[in-house]
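Note: the block below is final_24.pdb and it holds PDB, C-alpha atoms and all ligand atoms.
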MODEL        1
ATOM      1  CA  MET A 304     -21.436 -12.077  -1.690
ATOM      2  CA  ILE A 305     -20.941  -8.316  -1.669
ATOM      3  CA  ARG A 306     -22.784  -6.109   0.799
ATOM      4  CA  THR A 307     -22.090  -2.419   0.821
ATOM      5  CA  ASP A 308     -25.105  -0.950   2.530
ATOM      6  CA  PRO A 309     -25.486  -1.783   6.227
ATOM      7  CA  GLU A 310     -29.078  -1.634   7.481
ATOM      8  CA  THR A 311     -28.114   0.131  10.707
ATOM      9  CA  PRO A 312     -25.081   2.144   9.622
ATOM     10  CA  ASP A 313     -25.498   4.680  12.410
ATOM     11  CA  LEU A 314     -24.457   2.289  15.220
ATOM     12  CA  PHE A 315     -20.949   2.983  16.552
ATOM     13  CA  ILE A 316     -20.022  -0.718  16.238
ATOM     14  CA  THR A 317     -21.293  -2.311  13.024
ATOM     15  CA  PRO A 318     -23.101  -5.623  13.684
ATOM     16  CA  VAL A 319     -21.148  -8.553  12.186
ATOM     17  CA  GLU A 320     -23.985  -9.510   9.862
ATOM     18  CA  GLU A 321     -23.847  -6.041   8.314
ATOM     19  CA  VAL A 322     -20.093  -5.998   7.647
ATOM     20  CA  PHE A 323     -19.293  -6.278   3.928
ATOM     21  CA  ILE A 324     -17.580  -9.421   2.652
ATOM     22  CA  ARG A 325     -14.834  -9.297   0.035
ATOM     23  CA  ASN A 326     -13.505 -12.628  -1.204
ATOM     24  CA  HIS A 327     -11.389 -12.364  -4.357
ATOM     25  CA  LEU A 328     -10.700 -16.027  -4.937
ATOM     26  CA  GLY A 329     -14.113 -17.641  -4.532
ATOM     27  CA  PRO A 330     -15.916 -18.996  -1.484
ATOM     28  CA  ALA A 331     -14.336 -18.883   1.968
ATOM     29  CA  PRO A 332     -12.016 -21.841   2.608
ATOM     30  CA  ARG A 333     -13.474 -24.054   5.379
ATOM     31  CA  LEU A 334     -10.724 -24.183   7.995
ATOM     32  CA  ASP A 335     -10.874 -25.986  11.320
ATOM     33  CA  ARG A 336      -9.529 -24.272  14.441
ATOM     34  CA  ASP A 337      -8.269 -27.640  15.772
ATOM     35  CA  THR A 338      -6.047 -28.298  12.743
ATOM     36  CA  TRP A 339      -5.226 -24.693  11.724
ATOM     37  CA  THR A 340      -1.564 -23.725  11.868
ATOM     38  CA  LEU A 341       0.411 -20.611  11.032
ATOM     39  CA  THR A 342       3.962 -20.969   9.726
ATOM     40  CA  VAL A 343       6.551 -18.218  10.090
ATOM     41  CA  GLU A 344       9.470 -18.691   7.709
ATOM     42  CA  GLY A 345      12.056 -16.953   5.483
ATOM     43  CA  ALA A 346      14.545 -14.518   7.006
ATOM     44  CA  VAL A 347      14.017 -15.586  10.639
ATOM     45  CA  GLU A 348      16.356 -17.175  13.199
ATOM     46  CA  ARG A 349      13.727 -19.702  14.368
ATOM     47  CA  PRO A 350      11.131 -20.818  11.776
ATOM     48  CA  LEU A 351       7.868 -21.599  13.588
ATOM     49  CA  ARG A 352       4.562 -23.379  13.255
ATOM     50  CA  LEU A 353       1.938 -22.098  15.712
ATOM     51  CA  ASP A 354      -1.401 -23.740  16.422
ATOM     52  CA  PHE A 355      -4.492 -22.008  17.785
ATOM     53  CA  PRO A 356      -3.829 -22.674  21.513
ATOM     54  CA  ALA A 357      -0.287 -21.313  21.054
ATOM     55  CA  LEU A 358      -1.747 -18.129  19.533
ATOM     56  CA  LEU A 359      -4.089 -17.755  22.539
ATOM     57  CA  ASP A 360      -1.097 -18.181  24.904
ATOM     58  CA  LEU A 361       0.474 -15.012  23.472
ATOM     59  CA  PRO A 362      -0.393 -11.578  24.944
ATOM     60  CA  GLN A 363      -3.828 -10.520  23.711
ATOM     61  CA  THR A 364      -5.131  -7.133  22.622
ATOM     62  CA  ARG A 365      -8.629  -5.792  21.879
ATOM     63  CA  PHE A 366      -9.419  -2.613  19.964
ATOM     64  CA  THR A 367     -11.975  -0.906  17.748
ATOM     65  CA  ALA A 368     -11.004   0.111  14.235
ATOM     66  CA  VAL A 369     -12.553   1.320  11.027
ATOM     67  CA  HIS A 370     -12.764  -1.539   8.546
ATOM     68  CA  GLU A 371     -12.910  -0.040   5.056
ATOM     69  CA  CYS A 372     -12.782  -1.633   1.631
ATOM     70  CA  PHE A 373     -10.609   0.317  -0.783
ATOM     71  CA  GLY A 374     -13.011  -0.466  -3.655
ATOM     72  CA  SER A 375     -12.285  -2.366  -6.827
ATOM     73  CA  PRO A 376      -8.536  -2.615  -7.489
ATOM     74  CA  LEU A 377      -9.444  -2.364 -11.180
ATOM     75  CA  ARG A 378     -11.031   1.087 -10.578
ATOM     76  CA  PRO A 379      -8.866   2.650  -7.833
ATOM     77  CA  HIS A 380     -10.370   6.143  -8.079
ATOM     78  CA  VAL A 381     -14.070   5.234  -7.898
ATOM     79  CA  PRO A 382     -15.759   5.812  -4.499
ATOM     80  CA  THR A 383     -17.545   2.830  -2.928
ATOM     81  CA  ARG A 384     -17.834   4.087   0.670
ATOM     82  CA  ALA A 385     -17.922   0.521   2.037
ATOM     83  CA  VAL A 386     -16.974   1.345   5.591
ATOM     84  CA  THR A 387     -17.760  -0.141   9.014
ATOM     85  CA  ASN A 388     -16.379   0.052  12.568
ATOM     86  CA  VAL A 389     -15.468  -3.248  14.215
ATOM     87  CA  GLU A 390     -14.041  -4.507  17.519
ATOM     88  CA  TRP A 391     -11.202  -6.984  17.008
ATOM     89  CA  ALA A 392      -9.285  -9.182  19.460
ATOM     90  CA  GLY A 393      -6.120 -11.188  18.924
ATOM     91  CA  ALA A 394      -2.366 -11.413  19.412
ATOM     92  CA  PRO A 395      -0.019  -8.661  18.199
ATOM     93  CA  LEU A 396       2.140  -9.789  15.265
ATOM     94  CA  ALA A 397       5.083  -8.351  17.258
ATOM     95  CA  ALA A 398       4.746 -11.251  19.752
ATOM     96  CA  VAL A 399       5.071 -13.803  16.932
ATOM     97  CA  LEU A 400       7.991 -11.902  15.383
ATOM     98  CA  ALA A 401       9.756 -11.923  18.748
ATOM     99  CA  LEU A 402       9.451 -15.725  18.876
ATOM    100  CA  ALA A 403      10.759 -16.146  15.331
ATOM    101  CA  GLY A 404      13.562 -13.540  15.545
ATOM    102  CA  PRO A 405      13.816 -11.567  12.268
ATOM    103  CA  ARG A 406      17.275 -11.800  10.706
ATOM    104  CA  PRO A 407      19.086  -8.508   9.903
ATOM    105  CA  GLU A 408      18.218  -8.687   6.187
ATOM    106  CA  ALA A 409      14.446  -8.959   6.866
ATOM    107  CA  ARG A 410      12.692  -5.793   5.631
ATOM    108  CA  HIS A 411       9.226  -6.970   4.579
ATOM    109  CA  VAL A 412       6.517  -9.181   6.046
ATOM    110  CA  TRP A 413       4.474 -11.254   3.596
ATOM    111  CA  LEU A 414       1.059 -12.384   4.800
ATOM    112  CA  GLU A 415      -0.679 -15.213   2.947
ATOM    113  CA  GLY A 416      -4.194 -16.646   3.264
ATOM    114  CA  ALA A 417      -5.410 -20.202   2.652
ATOM    115  CA  ASP A 418      -7.759 -19.272  -0.207
ATOM    116  CA  ARG A 419      -6.807 -20.307  -3.731
ATOM    117  CA  GLY A 420      -8.364 -19.296  -7.048
ATOM    118  CA  ASP A 421      -8.462 -17.038 -10.091
ATOM    119  CA  PHE A 422      -8.749 -13.252 -10.374
ATOM    120  CA  ALA A 423      -8.484 -10.740 -13.240
ATOM    121  CA  GLY A 424      -7.370 -13.381 -15.751
ATOM    122  CA  GLU A 425      -4.708 -14.976 -13.495
ATOM    123  CA  SER A 426      -5.278 -18.480 -12.210
ATOM    124  CA  GLY A 427      -3.992 -20.540  -9.293
ATOM    125  CA  LEU A 428      -3.465 -17.453  -7.126
ATOM    126  CA  THR A 429      -3.108 -17.219  -3.378
ATOM    127  CA  TYR A 430      -4.112 -14.051  -1.513
ATOM    128  CA  LEU A 431      -0.809 -12.445  -0.602
ATOM    129  CA  LYS A 432      -0.063  -8.984   0.815
ATOM    130  CA  ASP A 433       3.078  -7.410   2.272
ATOM    131  CA  LEU A 434       3.996  -4.613   4.655
ATOM    132  CA  PRO A 435       7.297  -3.090   5.743
ATOM    133  CA  LEU A 436       8.606  -5.054   8.748
ATOM    134  CA  ASP A 437       8.684  -2.016  11.083
ATOM    135  CA  GLN A 438       5.131  -1.032  10.289
ATOM    136  CA  ALA A 439       3.763  -4.585  10.450
ATOM    137  CA  GLY A 440       5.515  -5.198  13.769
ATOM    138  CA  ALA A 441       4.075  -1.984  15.216
ATOM    139  CA  GLU A 442       0.493  -2.355  14.009
ATOM    140  CA  VAL A 443      -0.659  -5.739  12.763
ATOM    141  CA  VAL A 444      -2.746  -7.981  15.005
ATOM    142  CA  LEU A 445      -3.500 -11.660  14.377
ATOM    143  CA  ALA A 446      -7.207 -11.499  15.153
ATOM    144  CA  HIS A 447      -9.461 -14.400  16.093
ATOM    145  CA  SER A 448     -12.511 -12.459  17.221
ATOM    146  CA  MET A 449     -14.799  -9.821  15.740
ATOM    147  CA  ASN A 450     -17.261  -7.930  17.984
ATOM    148  CA  GLY A 451     -16.618 -10.418  20.795
ATOM    149  CA  GLU A 452     -17.386 -13.601  18.837
ATOM    150  CA  PRO A 453     -15.096 -15.981  16.918
ATOM    151  CA  LEU A 454     -14.487 -14.793  13.350
ATOM    152  CA  ARG A 455     -17.144 -16.112  10.969
ATOM    153  CA  PRO A 456     -15.905 -18.195   8.008
ATOM    154  CA  ASP A 457     -16.352 -15.329   5.524
ATOM    155  CA  HIS A 458     -14.359 -12.936   7.716
ATOM    156  CA  GLY A 459     -11.283 -15.167   7.982
ATOM    157  CA  TYR A 460     -11.957 -17.919  10.559
ATOM    158  CA  PRO A 461     -10.038 -18.933  12.523
ATOM    159  CA  VAL A 462      -7.353 -16.198  12.275
ATOM    160  CA  ARG A 463      -6.812 -13.164  10.071
ATOM    161  CA  ALA A 464      -4.389 -10.276  10.051
ATOM    162  CA  VAL A 465      -5.800  -6.847  10.915
ATOM    163  CA  ALA A 466      -3.862  -3.731   9.945
ATOM    164  CA  PRO A 467      -6.006  -1.190  11.838
ATOM    165  CA  ARG A 468      -4.965   2.047  10.078
ATOM    166  CA  MET A 469      -4.929   0.545   6.612
ATOM    167  CA  PHE A 470      -7.456  -0.357   3.954
ATOM    168  CA  GLY A 471      -9.109  -3.769   4.386
ATOM    169  CA  THR A 472      -7.148  -5.280   1.496
ATOM    170  CA  ASN A 473      -4.113  -5.466   3.819
ATOM    171  CA  SER A 474      -6.006  -7.470   6.472
ATOM    172  CA  VAL A 475      -5.383 -10.981   5.118
ATOM    173  CA  LYS A 476      -8.089 -13.513   6.025
ATOM    174  CA  TRP A 477      -7.577 -17.250   6.723
ATOM    175  CA  LEU A 478      -3.962 -16.419   7.571
ATOM    176  CA  THR A 479      -1.748 -19.522   7.397
ATOM    177  CA  ARG A 480       1.695 -18.315   6.320
ATOM    178  CA  ILE A 481       4.009 -15.422   7.207
ATOM    179  CA  VAL A 482       7.289 -14.937   5.359
ATOM    180  CA  LEU A 483       9.995 -12.434   6.270
ATOM    181  CA  ALA A 484      12.054 -11.306   3.301
ATOM    182  CA  ALA A 485      14.524  -8.723   2.072
ATOM    183  CA  GLU A 486      12.220  -7.820  -0.863
ATOM    184  CA  ARG A 487       8.570  -7.218  -1.598
ATOM    185  CA  PRO A 488       6.798 -10.129  -3.310
ATOM    186  CA  ASP A 489       5.901  -9.646  -6.971
ATOM    187  CA  HIS A 490       2.263 -10.770  -7.043
ATOM    188  CA  LEU A 491      -1.082  -9.706  -8.501
ATOM    189  CA  PHE A 492      -2.345  -8.353  -5.154
ATOM    190  CA  THR A 493       0.923  -6.649  -4.106
ATOM    191  CA  THR A 494       2.711  -5.009  -7.042
ATOM    192  CA  ARG A 495       0.236  -5.229  -9.924
ATOM    193  CA  LEU A 496      -3.165  -4.450  -8.359
ATOM    194  CA  TYR A 497      -3.896  -2.386  -5.245
ATOM    195  CA  THR A 498      -1.420   0.277  -6.284
ATOM    196  CA  ARG A 499      -2.217   3.873  -7.143
ATOM    197  CA  VAL A 500      -0.574   7.065  -8.284
ATOM    198  CA  PRO A 501      -0.717   9.720  -5.522
ATOM    199  CA  PRO A 502      -2.603  12.980  -6.191
ATOM    200  CA  GLY A 503      -0.264  15.213  -8.165
ATOM    201  CA  GLY A 504       1.404  12.293  -9.958
ATOM    202  CA  GLY A 505       4.535  10.236  -9.388
ATOM    203  CA  GLU A 506       5.163   6.521  -9.065
ATOM    204  CA  ALA A 507       2.337   4.134  -8.219
ATOM    205  CA  ARG A 508       2.399   3.132  -4.529
ATOM    206  CA  PRO A 509       0.778   0.237  -2.695
ATOM    207  CA  VAL A 510      -2.676   0.913  -1.245
ATOM    208  CA  ARG A 511      -2.029   1.009   2.504
ATOM    209  CA  GLU A 512      -3.049   3.833   4.917
ATOM    210  CA  LYS A 513      -6.692   4.846   4.761
ATOM    211  CA  ASP A 514      -7.634   8.116   3.125
ATOM    212  CA  VAL A 515      -9.539  10.783   5.008
ATOM    213  CA  GLY A 516     -13.251  10.181   4.475
ATOM    214  CA  SER A 517     -16.729  10.899   5.814
ATOM    215  CA  LYS A 518     -20.205   9.615   5.220
ATOM    216  CA  LEU A 519     -23.584  11.208   5.958
ATOM    217  CA  LEU A 520     -25.849   8.550   7.470
ATOM    218  CA  THR A 521     -28.820  10.430   8.952
ATOM    219  CA  PRO A 522     -31.102  11.341   7.256
ATOM    220  CA  ARG A 523     -30.865   8.516   4.718
ATOM    221  CA  ASP A 524     -29.902   9.395   1.153
ATOM    222  CA  GLY A 525     -33.142   9.766  -0.824
ATOM    223  CA  GLY A 526     -35.238  10.005   2.358
ATOM    224  CA  SER A 527     -37.659  12.688   3.492
ATOM    225  CA  VAL A 528     -37.692  14.722   6.727
ATOM    226  CA  PRO A 529     -40.081  17.273   8.231
ATOM    227  CA  ALA A 530     -39.247  20.808   7.054
ATOM    228  CA  GLY A 531     -37.610  22.991   9.740
ATOM    229  CA  ALA A 532     -34.967  21.965  12.271
ATOM    230  CA  CYS A 533     -33.027  18.902  11.146
ATOM    231  CA  GLU A 534     -30.060  17.030  12.625
ATOM    232  CA  LEU A 535     -27.479  15.896  10.049
ATOM    233  CA  GLU A 536     -25.211  13.099  11.305
ATOM    234  CA  GLY A 537     -22.542  10.730  10.110
ATOM    235  CA  TYR A 538     -19.069   9.317  10.672
ATOM    236  CA  ALA A 539     -15.627  10.491   9.611
ATOM    237  CA  TRP A 540     -12.379   8.514   9.671
ATOM    238  CA  SER A 541      -8.785   8.485   8.477
ATOM    239  CA  ALA A 542      -5.470   6.791   9.160
ATOM    240  CA  THR A 543      -4.931   9.584  11.693
ATOM    241  CA  GLU A 544      -7.491  11.472  13.797
ATOM    242  CA  VAL A 545     -10.078  13.567  11.939
ATOM    243  CA  THR A 546      -9.844  17.143  13.197
ATOM    244  CA  ALA A 547     -12.731  18.840  11.349
ATOM    245  CA  VAL A 548     -15.860  18.011   9.401
ATOM    246  CA  GLU A 549     -17.768  20.627   7.444
ATOM    247  CA  ILE A 550     -21.238  20.336   5.970
ATOM    248  CA  ALA A 551     -22.732  22.291   3.072
ATOM    249  CA  VAL A 552     -26.472  22.365   2.404
ATOM    250  CA  ASP A 553     -27.252  23.210  -1.227
ATOM    251  CA  ASP A 554     -25.070  26.134  -2.324
ATOM    252  CA  ALA A 555     -24.605  27.639   1.146
ATOM    253  CA  ASP A 556     -21.122  27.964   2.688
ATOM    254  CA  TRP A 557     -19.432  25.049   4.473
ATOM    255  CA  GLN A 558     -20.423  24.991   8.185
ATOM    256  CA  PRO A 559     -18.241  23.352  10.863
ATOM    257  CA  ALA A 560     -19.995  20.301  12.341
ATOM    258  CA  GLU A 561     -19.655  19.162  15.962
ATOM    259  CA  LEU A 562     -17.099  16.322  15.917
ATOM    260  CA  GLU A 563     -16.296  13.694  18.571
ATOM    261  CA  ARG A 564     -12.624  13.082  19.405
ATOM    262  CA  ARG A 565     -11.173   9.780  18.237
ATOM    263  CA  GLY A 566     -10.040   8.245  21.535
ATOM    264  CA  PRO A 567      -7.229   5.690  21.866
ATOM    265  CA  HIS A 568      -8.258   3.441  18.952
ATOM    266  CA  PRO A 569      -8.437   4.112  15.189
ATOM    267  CA  SER A 570     -12.259   4.147  15.244
ATOM    268  CA  TRP A 571     -14.531   6.378  13.261
ATOM    269  CA  GLN A 572     -15.747   9.654  14.781
ATOM    270  CA  ARG A 573     -19.354  10.808  14.882
ATOM    271  CA  PHE A 574     -20.199  14.288  13.591
ATOM    272  CA  ARG A 575     -23.448  16.238  13.679
ATOM    273  CA  LEU A 576     -24.880  19.595  12.663
ATOM    274  CA  ARG A 577     -28.297  21.116  13.292
ATOM    275  CA  CYS A 578     -29.681  23.023  10.342
ATOM    276  CA  ASP A 579     -32.926  24.527   9.165
ATOM    277  CA  LEU A 580     -34.427  23.090   5.994
ATOM    278  CA  ALA A 581     -36.986  24.964   3.904
ATOM    279  CA  PRO A 582     -39.618  22.730   2.264
ATOM    280  CA  GLY A 583     -38.344  21.125  -0.944
ATOM    281  CA  PRO A 584     -35.439  19.028  -2.182
ATOM    282  CA  HIS A 585     -31.921  19.582  -0.785
ATOM    283  CA  ARG A 586     -28.455  18.224  -1.392
ATOM    284  CA  VAL A 587     -26.140  17.875   1.589
ATOM    285  CA  ARG A 588     -22.375  17.332   1.389
ATOM    286  CA  CYS A 589     -19.790  16.544   4.080
ATOM    287  CA  ARG A 590     -16.029  17.042   3.971
ATOM    288  CA  ALA A 591     -13.446  15.860   6.533
ATOM    289  CA  THR A 592      -9.912  17.066   7.324
ATOM    290  CA  ASP A 593      -7.422  14.966   9.298
ATOM    291  CA  SER A 594      -4.537  15.818  11.611
ATOM    292  CA  ALA A 595      -2.086  15.279   8.743
ATOM    293  CA  GLY A 596      -3.831  18.167   6.936
ATOM    294  CA  ARG A 597      -5.446  15.942   4.329
ATOM    295  CA  VAL A 598      -8.845  17.176   3.093
ATOM    296  CA  GLN A 599     -11.407  15.190   1.095
ATOM    297  CA  PRO A 600     -11.363  16.362  -2.530
ATOM    298  CA  LEU A 601     -14.590  17.823  -3.910
ATOM    299  CA  THR A 602     -14.621  15.400  -6.843
ATOM    300  CA  GLY A 603     -12.458  13.032  -8.833
ATOM    301  CA  ASP A 604     -11.175  10.487  -6.320
ATOM    302  CA  ARG A 605     -12.409   7.528  -4.287
ATOM    303  CA  ASN A 606     -12.681   9.649  -1.134
ATOM    304  CA  ALA A 607     -14.408  12.635  -2.770
ATOM    305  CA  VAL A 608     -16.925  14.424  -0.530
ATOM    306  CA  HIS A 609     -20.084  12.444   0.129
ATOM    307  CA  GLU A 610     -23.359  13.932  -1.098
ATOM    308  CA  ILE A 611     -26.922  12.909  -0.255
ATOM    309  CA  GLY A 612     -30.279  14.149  -1.524
ATOM    310  CA  ILE A 613     -33.192  14.639   0.898
ATOM    311  CA  LEU A 614     -36.701  16.050   0.679
ATOM    312  CA  ALA A 615     -37.995  18.385   3.395
ATOM    313  CA  GLU A 616     -41.831  18.182   3.585
TER     314      GLU A 616
HETATM  315  N1  LIG B   1      -7.894 -12.054   2.582
HETATM  316  C1  LIG B   1      -7.971 -13.153   1.800
HETATM  317  N2  LIG B   1      -7.308 -14.237   2.188
HETATM  318  N3  LIG B   1      -8.687 -13.160   0.648
HETATM  319  C2  LIG B   1      -9.382 -12.031   0.231
HETATM  320  O1  LIG B   1     -10.022 -12.068  -0.832
HETATM  321  N4  LIG B   1      -9.949  -9.685   0.695
HETATM  322  C3  LIG B   1      -9.368  -8.466   1.262
HETATM  323  C4  LIG B   1      -9.113  -8.617   2.755
HETATM  324  N5  LIG B   1      -8.463  -9.854   3.048
HETATM  325  C5  LIG B   1      -9.312 -10.876   1.024
HETATM  326  C6  LIG B   1      -8.550 -10.932   2.234
HETATM  327  C7  LIG B   1     -10.179  -7.279   1.052
HETATM  328  S1  LIG B   1     -10.059  -6.532  -0.469
HETATM  329  C8  LIG B   1     -10.888  -6.701   2.047
HETATM  330  S2  LIG B   1     -11.672  -5.216   1.832
HETATM  331  C9  LIG B   1     -11.043  -7.342   3.347
HETATM  332  O2  LIG B   1     -10.365  -8.594   3.416
HETATM  333  C10 LIG B   1     -12.489  -7.595   3.620
HETATM  334  O3  LIG B   1     -12.665  -8.252   4.843
HETATM  335  P1  LIG B   1     -14.096  -8.824   5.222
HETATM  336  O4  LIG B   1     -14.592  -9.645   4.058
HETATM  337  O5  LIG B   1     -13.911  -9.573   6.470
HETATM  338  O6  LIG B   1     -14.989  -7.603   5.434
ENDMDL
END

Go ahead and express the file in the form of structure tokens.
Amino acid sequence: MIRTDPETPDLFITPVEEVFIRNHLGPAPRLDRDTWTLTVEGAVERPLRLDFPALLDLPQTRFTAVHECFGSPLRPHVPTRAVTNVEWAGAPLAAVLALAGPRPEARHVWLEGADRGDFAGESGLTYLKDLPLDQAGAEVVLAHSMNGEPLRPDHGYPVRAVAPRMFGTNSVKWLTRIVLAAERPDHLFTTRLYTRVPPGGGEARPVREKDVGSKLLTPRDGGSVPAGACELEGYAWSATEVTAVEIAVDDADWQPAELERRGPHPSWQRFRLRCDLAPGPHRVRCRATDSAGRVQPLTGDRNAVHEIGILAE
């Protein structure tokens, strides 16, 4: 099932039933929390097998983060704007790595889910992703809860990885195996798909940190509003804090919108601008800039500025 259009997208936390679901290899595997285990193997001093109570015995963390689908790996430059904001809870991967003890040659962490199936003409695949060891150890959480409730089967029950600053593709669901290795794995979902050439050219790189993006949510695209004073609102997000959002109505200049600060977690940030709309149709665009100086492109990439059409009556 693919859902891209939440019914109440303007809530700060997206209700679980409105979070998109992306399963590449068929239906969600039905795992049982009582028999689930996670193995940690490869370049480690102490290979491990953890069960669910052992995961709960580790230090726990809770945070809110933007959960964004990159879009189809077969069309890496097409915008889908499938984005939500979710509260996760779980154990930091760092706690598990400390138990296992990475050996000096370990450079990469491979994360593998329990789903099996076919994708893009390849059969018998697992869902496998990898991250540099330093980055994974600093950021990844082994999450068992979403918005305060146990993960639902489609979202990775009982445990998934969450890489809070990265695109959703890196947050492996139904996590059952972690491998530490000196090299990256050569796999459909690591080196062949979910790679892209950076703007300006160069070598293809894995899809990891989120791009800067923004989405106008109120008024609804295609909706109508009373002519006159109108409040334009939406959310902006990035791997780092968003520092500015501008809005352009029709062909007028870009206006700075009021923007909330991000706070301690990598959540999205609300923006708003009051404007005056003459009767008739209007197009409204929003454009975000982040603290790394990245600006949404006007056209041509998956995070191009978002545009809606509204009718003032
Ligand atoms: N993990 C497994 N095991 N299998 C998958 O197909 N899809 C990935 C990621 N983790 C996937 C996975 C992709 S592309 C995204 S965008 C997110 O899960 C979606 O998470 P959600 O379905 O919980 O919203």

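A distance cut-off of 7 Å from ligand LIG 1 (chain B), applied to all atoms listed in the file, picks out the residues A:Val322, A:Phe323, A:Ile324, A:Arg325, A:Asn326, A:His327, A:Leu328, A:Glu371, A:Cys372, A:Phe373, A:Glu415, A:Gly416, A:Ala417, A:Asp418, A:Tyr430, A:Asp457, A:His458, A:Gly459, A:Phe470, A:Gly471, A:Thr472, A:Asn473, A:Ser474, A:Val475, A:Lys476, A:Trp477, A:Leu478.
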
Which residues are close to stretch 559-562 of chain A, i.e. within 7 Å by all atoms listed in the file, leaving aside same-chain residues fewer than 4 positions away? Reply as a PyMOL selection string. chain A and resi 547-550+572-576

Writer output for current selection, C-alpha atoms, as a PDB file, keeping the file's coordinate frame:
ATOM      1  CA  ALA A 547     -12.731  18.840  11.349  1.00  0.00           C
ATOM      2  CA  VAL A 548     -15.860  18.011   9.401  1.00  0.00           C
ATOM      3  CA  GLU A 549     -17.768  20.627   7.444  1.00  0.00           C
ATOM      4  CA  ILE A 550     -21.238  20.336   5.970  1.00  0.00           C
ATOM      5  CA  GLN A 572     -15.747   9.654  14.781  1.00  0.00           C
ATOM      6  CA  ARG A 573     -19.354  10.808  14.882  1.00  0.00           C
ATOM      7  CA  PHE A 574     -20.199  14.288  13.591  1.00  0.00           C
ATOM      8  CA  ARG A 575     -23.448  16.238  13.679  1.00  0.00           C
ATOM      9  CA  LEU A 576     -24.880  19.595  12.663  1.00  0.00           C
TER      10      LEU A 576
END

Considering all atoms listed in the file, return as a list in words whatever protein or nucleic-acid residues lie within 9 Å of A:Val399, sequence-local ones (same chain, fewer than 5 positions apart) excluded.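 Listing them by chain and then by number gives Val343, Leu351, Leu353, Leu358, Leu361, Ala394 and Gly404 of chain A.
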
Produce a file of the selected residues containing C-alpha atoms, as an mmCIF file, keeping the file's coordinate frame.
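Writing done, so here's result18.cif:
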data_model
loop_
_atom_site.group_PDB
_atom_site.id
_atom_site.type_symbol
_atom_site.label_atom_id
_atom_site.label_comp_id
_atom_site.auth_asym_id
_atom_site.auth_seq_id
_atom_site.Cartn_x
_atom_site.Cartn_y
_atom_site.Cartn_z
ATOM 1 C CA VAL A 343 6.551 -18.218 10.090
ATOM 2 C CA LEU A 351 7.868 -21.599 13.588
ATOM 3 C CA LEU A 353 1.938 -22.098 15.712
ATOM 4 C CA LEU A 358 -1.747 -18.129 19.533
ATOM 5 C CA LEU A 361 0.474 -15.012 23.472
ATOM 6 C CA ALA A 394 -2.366 -11.413 19.412
ATOM 7 C CA GLY A 404 13.562 -13.540 15.545
#

When the PyMOL selection byres (((chain A and resi 552) around 7) and not hetatm) is applied to the structure above, which residues does it catch, written out as an MDAnalysis selection string? chainID A and resid 550:551 553:555 585:588

One decimal, Å: what's the distance from atom CA of A:Ala398 over to atom CA of A:Arg468, could you say?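 Between atom CA of A:Ala398 and atom CA of A:Arg468 the gap is 19.1 Å.
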
Taking into account only C-alpha atoms, which residue in the set A:Asp421, A:Glu610, A:Asp604, A:Glu544 is nearest to A:Val381?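 Ranked by minimum distance to A:Val381, first place goes to A:Asp604.
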
Which residues of stretch 325-381 of chain A come within 10 Å of stretch 494-501 of chain A, and for each one, what is the closest pair of atoms and their distance in Å to one decimal, counting all atoms listed in the file, sorted by chain and residue number, as a tab-separated table?
residue	atom	partner	partner_atom	distance
A:Phe373	CA	A:Tyr497	CA	8.5
A:Gly374	CA	A:Tyr497	CA	9.4
A:Ser375	CA	A:Tyr497	CA	8.5
A:Pro376	CA	A:Tyr497	CA	5.2
A:Leu377	CA	A:Leu496	CA	7.2
A:Arg378	CA	A:Tyr497	CA	9.6
A:Pro379	CA	A:Arg499	CA	6.8
A:His380	CA	A:Arg499	CA	8.5

Straight-line distance linking atom CA of A:Ala385 with atom CA of A:Asp593, stated in Å to one decimal: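 A separation of 19.3 Å between them.
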
Residue contacts of stretch 387-392 of chain A (9 Å, all atoms listed in the file) excluding same-chain residues fewer than 5 positions away, as a count of residues only: 31

For A:Glu348, which residue out of A:Leu483, A:Leu396, A:Leu454, A:Pro522 is the nearest one, using all atoms listed in the file? A:Leu483

Return the single residue from A:Trp413, A:Tyr538, A:Trp557, A:Tyr460 that is closest to A:Lys432, with distances computed using all atoms listed in the file.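 That would be A:Trp413, the residue with the smallest distance to A:Lys432.
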
Of the listed residues A:Glu320, A:Glu344, A:Asp556, A:Glu452, that which approaches A:Val482 most closely, counting all atoms listed in the file: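 Selected residue with least distance to A:Val482: A:Glu344.
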
If you count only C-alpha atoms, the residue of A:Leu402, A:Leu614, A:Ala464, A:Ala441 closest to A:Pro529 turns out to be A:Leu614

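The nearest approach to A:Gly583 among the residues A:Glu408, A:Glu616, A:Asp514, A:Glu506, with all atoms listed in the file taken into account, belongs to A:Glu616.
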
One decimal, in Å: what's the spacing between atom CA of A:Arg508 and atom CA of A:Pro330?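 These atoms are spaced 28.9 Å apart.
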
Selection under test: the PyMOL selection byres (((chain A and resi 535) around 8) and not hetatm); residues as a PyMOL selection string: chain A and resi 519-522+533-534+536-537+575-578

Chain and number of each residue from the PyMOL selection byres (((chain A and resi 406) around 10) and not hetatm), as a CSV table (one decimal) with C-alpha atoms, in the frame of the given file:
chain,number,residue,atom,x,y,z
A,345,GLY,CA,12.1,-17.0,5.5
A,346,ALA,CA,14.5,-14.5,7.0
A,347,VAL,CA,14.0,-15.6,10.6
A,348,GLU,CA,16.4,-17.2,13.2
A,349,ARG,CA,13.7,-19.7,14.4
A,403,ALA,CA,10.8,-16.1,15.3
A,404,GLY,CA,13.6,-13.5,15.5
A,405,PRO,CA,13.8,-11.6,12.3
A,407,PRO,CA,19.1,-8.5,9.9
A,408,GLU,CA,18.2,-8.7,6.2
A,409,ALA,CA,14.4,-9.0,6.9
A,410,ARG,CA,12.7,-5.8,5.6
A,483,LEU,CA,10.0,-12.4,6.3
A,484,ALA,CA,12.1,-11.3,3.3
A,485,ALA,CA,14.5,-8.7,2.1
